[in-house]
Amino acid sequence: MNSFQWPNGARGAVSLSFDDGLKTHVENAVPTLNDYGLRGTFYIPMAPGGAFDQRIHHWRAAASQGHEIGNHSMTHPCSANFGFSRRALDYLTLEDITGEILDARRRITEEIPDQKAHSFAYPCGETKVGSGKNHISYVPVVAEHYVVGRGIGDFANDPVLCDLACTWSFMPTDPPAERLIGWADMARNMGRWSIFCFHGVGGEHFHLRMEALRMLLDHLAAHRDEIWTDTVINVGTWIRDHRERVCA
Ligand SMILES: [Zn+2]
């Protein structure tokens, strides 16, 4: 056997992820996904008083509808090169980033106790802490605590060979619907898992147009027998549980 076995005869998988807990996620993305009976993954920084707390009732409702509320750390630390803040990855240790991940995980499990499991998304897709001679990967920290870590890379993951602790997602900017559909179909044709990373939906930054989202969801819903669309944690867990057989 040389091909991976997706559930229910599907030929490939797609996950739709939305980062940073934006207003347009609760106002636009969640209701549109619900219209099509599809589920998304929402990665939210968990710092008190921030994106999660400001829309806590919406996130709880989304989780109860089957969407995933995922870990995006507490304070969303990224490279110091962005100039966002002094709390940049360059100045953090493995201990610091472990604290960021576990504090956020504790908050998610306390605030959404009915959600069985969730995944982690590296803020800015960056997987290292420290700088210069002390620049080291924190993928092992994520692997210790999570089945799936979502990074940034190309349009699809090989389910048998990919590092689940550091999967690729890709972040198209204002993509036309035809391109989104093309990527989903390509993942299906190759037997792979495509993880889309979106930010603003019908507004806000790195805007995805509503029309493009609807056309993509139309396509995914119409081809649900061939393309398995589900949350990052659900697809990743399926892969973890089924790929050993292929390697054996
Ligand atoms: Zn982010």
# chains A, B, ... in the order shown; residues from 1 in each chain; ligands from 1
$ closest_atom_pairs --of "chain A" --to "ligand 1" --cutoff "8 Å" --atoms "only C-alpha atoms and all ligand atoms" --output "Markdown table"
| residue | atom | partner | partner_atom_place_in_ligand_line | distance |
| --- | --- | --- | --- | --- |
| A:Asp19 | CA | ligand 1 | 1 (Zn) | 5.1 |
| A:Asp20 | CA | ligand 1 | 1 (Zn) | 4.8 |
| A:Tyr43 | CA | ligand 1 | 1 (Zn) | 7.3 |
| A:Ile44 | CA | ligand 1 | 1 (Zn) | 7.6 |
| A:Pro45 | CA | ligand 1 | 1 (Zn) | 7.6 |
| A:His72 | CA | ligand 1 | 1 (Zn) | 6.7 |
| A:His76 | CA | ligand 1 | 1 (Zn) | 6.4 |
| A:Ala121 | CA | ligand 1 | 1 (Zn) | 7.8 |
| A:Tyr122 | CA | ligand 1 | 1 (Zn) | 7.5 |
| A:Pro123 | CA | ligand 1 | 1 (Zn) | 4.6 |
| A:Cys124 | CA | ligand 1 | 1 (Zn) | 5.4 |
| A:Gly125 | CA | ligand 1 | 1 (Zn) | 7.8 |
$ write_last_selection --atoms "N, CA and C atoms" --output "compact mmCIF listing (two decimals), in the first residue's frame"
# COMPACT_ATOMS: atom_id res chain seq x y z
N ASP A 19 -6.55 33.33 11.89
CA ASP A 19 -5.63 33.70 12.97
C ASP A 19 -5.98 35.02 13.65
N ASP A 20 -5.68 35.04 14.93
CA ASP A 20 -5.60 36.26 15.75
C ASP A 20 -6.93 36.70 16.38
N TYR A 43 -7.31 30.43 15.69
CA TYR A 43 -6.15 30.54 16.59
C TYR A 43 -6.15 31.93 17.23
N ILE A 44 -6.25 31.93 18.56
CA ILE A 44 -6.48 33.20 19.26
C ILE A 44 -5.45 33.42 20.36
N PRO A 45 -4.76 34.57 20.36
CA PRO A 45 -3.89 34.89 21.50
C PRO A 45 -4.75 35.01 22.76
N HIS A 72 -2.69 30.11 20.22
CA HIS A 72 -1.83 31.00 19.43
C HIS A 72 -0.95 31.79 20.41
N HIS A 76 1.46 36.41 21.50
CA HIS A 76 1.79 36.43 20.07
C HIS A 76 3.19 36.97 19.79
N ALA A 121 -0.81 27.05 16.83
CA ALA A 121 -0.27 27.72 15.64
C ALA A 121 0.84 28.67 16.05
N TYR A 122 2.02 28.51 15.44
CA TYR A 122 3.17 29.37 15.74
C TYR A 122 2.84 30.82 15.34
N PRO A 123 2.91 31.77 16.28
CA PRO A 123 2.68 33.17 15.90
C PRO A 123 3.67 33.59 14.80
N CYS A 124 3.15 34.22 13.76
CA CYS A 124 3.92 34.64 12.58
C CYS A 124 4.59 33.45 11.89
N GLY A 125 4.20 32.24 12.24
CA GLY A 125 4.77 31.04 11.61
C GLY A 125 6.22 30.80 12.02
$ select_by_dssp --residues "stretch 55-191 of chain A" --states "strand (DSSP E or B)" --output "JSON, numbers by chain"
{"A": [68, 69, 70, 71, 120, 121, 128, 129, 136, 137, 149, 150, 157, 167, 170]}
$ closest_residue --among "A:Ala61, A:Leu92, A:Met190, A:Val14" --to "A:Leu38" --atoms "only C-alpha atoms"
A:Val14
$ atom_distance --atom1 "atom CA of A:Glu126" --atom2 "atom CA of A:Ile108"
21.5 Å
$ closest_atom_pairs --of "stretch 4-53 of chain A" --to "stretch 206-210 of chain A" --cutoff "12 Å" --atoms "only C-alpha atoms" --output "tab-separated table"
residue	atom	partner	partner_atom	distance
A:Phe18	CA	A:Leu208	CA	10.5
A:Asp19	CA	A:Phe206	CA	10.6
A:Asp20	CA	A:Phe206	CA	11.7
A:Leu22	CA	A:His207	CA	11.4
A:Thr24	CA	A:His207	CA	9.8
A:His25	CA	A:Leu208	CA	10.9
A:Glu27	CA	A:Met210	CA	11.4
A:Asn28	CA	A:Met210	CA	7.9
A:Ala29	CA	A:Met210	CA	8.5
A:Val30	CA	A:Met210	CA	11.9
A:Pro31	CA	A:Met210	CA	11.5
A:Thr32	CA	A:Met210	CA	8.8
A:Leu33	CA	A:Met210	CA	11.2
$ write_last_selection --atoms "C-alpha atoms" --output "PDB file, in the first residue's frame"
ATOM      1  CA  PHE A  18      -8.213  31.902  10.851  1.00  0.00           C
ATOM      2  CA  ASP A  19      -5.633  33.698  12.969  1.00  0.00           C
ATOM      3  CA  ASP A  20      -5.603  36.257  15.750  1.00  0.00           C
ATOM      4  CA  LEU A  22     -10.498  39.008  14.725  1.00  0.00           C
ATOM      5  CA  THR A  24     -14.597  39.569  11.167  1.00  0.00           C
ATOM      6  CA  HIS A  25     -14.103  35.945  12.235  1.00  0.00           C
ATOM      7  CA  GLU A  27     -19.123  38.301  12.303  1.00  0.00           C
ATOM      8  CA  ASN A  28     -18.327  36.782   8.899  1.00  0.00           C
ATOM      9  CA  ALA A  29     -16.270  33.583   8.939  1.00  0.00           C
ATOM     10  CA  VAL A  30     -18.142  31.535  11.561  1.00  0.00           C
ATOM     11  CA  PRO A  31     -21.666  32.213  10.211  1.00  0.00           C
ATOM     12  CA  THR A  32     -20.570  31.530   6.615  1.00  0.00           C
ATOM     13  CA  LEU A  33     -18.870  28.251   7.567  1.00  0.00           C
TER      14      LEU A  33
END
$ closest_residue --among "A:Thr229, A:Asn34, A:Gln115, A:Thr167" --to "A:Thr127" --atoms "only C-alpha atoms"
A:Thr167
$ closest_residue --among "A:Val232, A:Ala63, A:Ala13, A:Asp90" --to "A:Ile136" --atoms "only C-alpha atoms"
A:Asp90
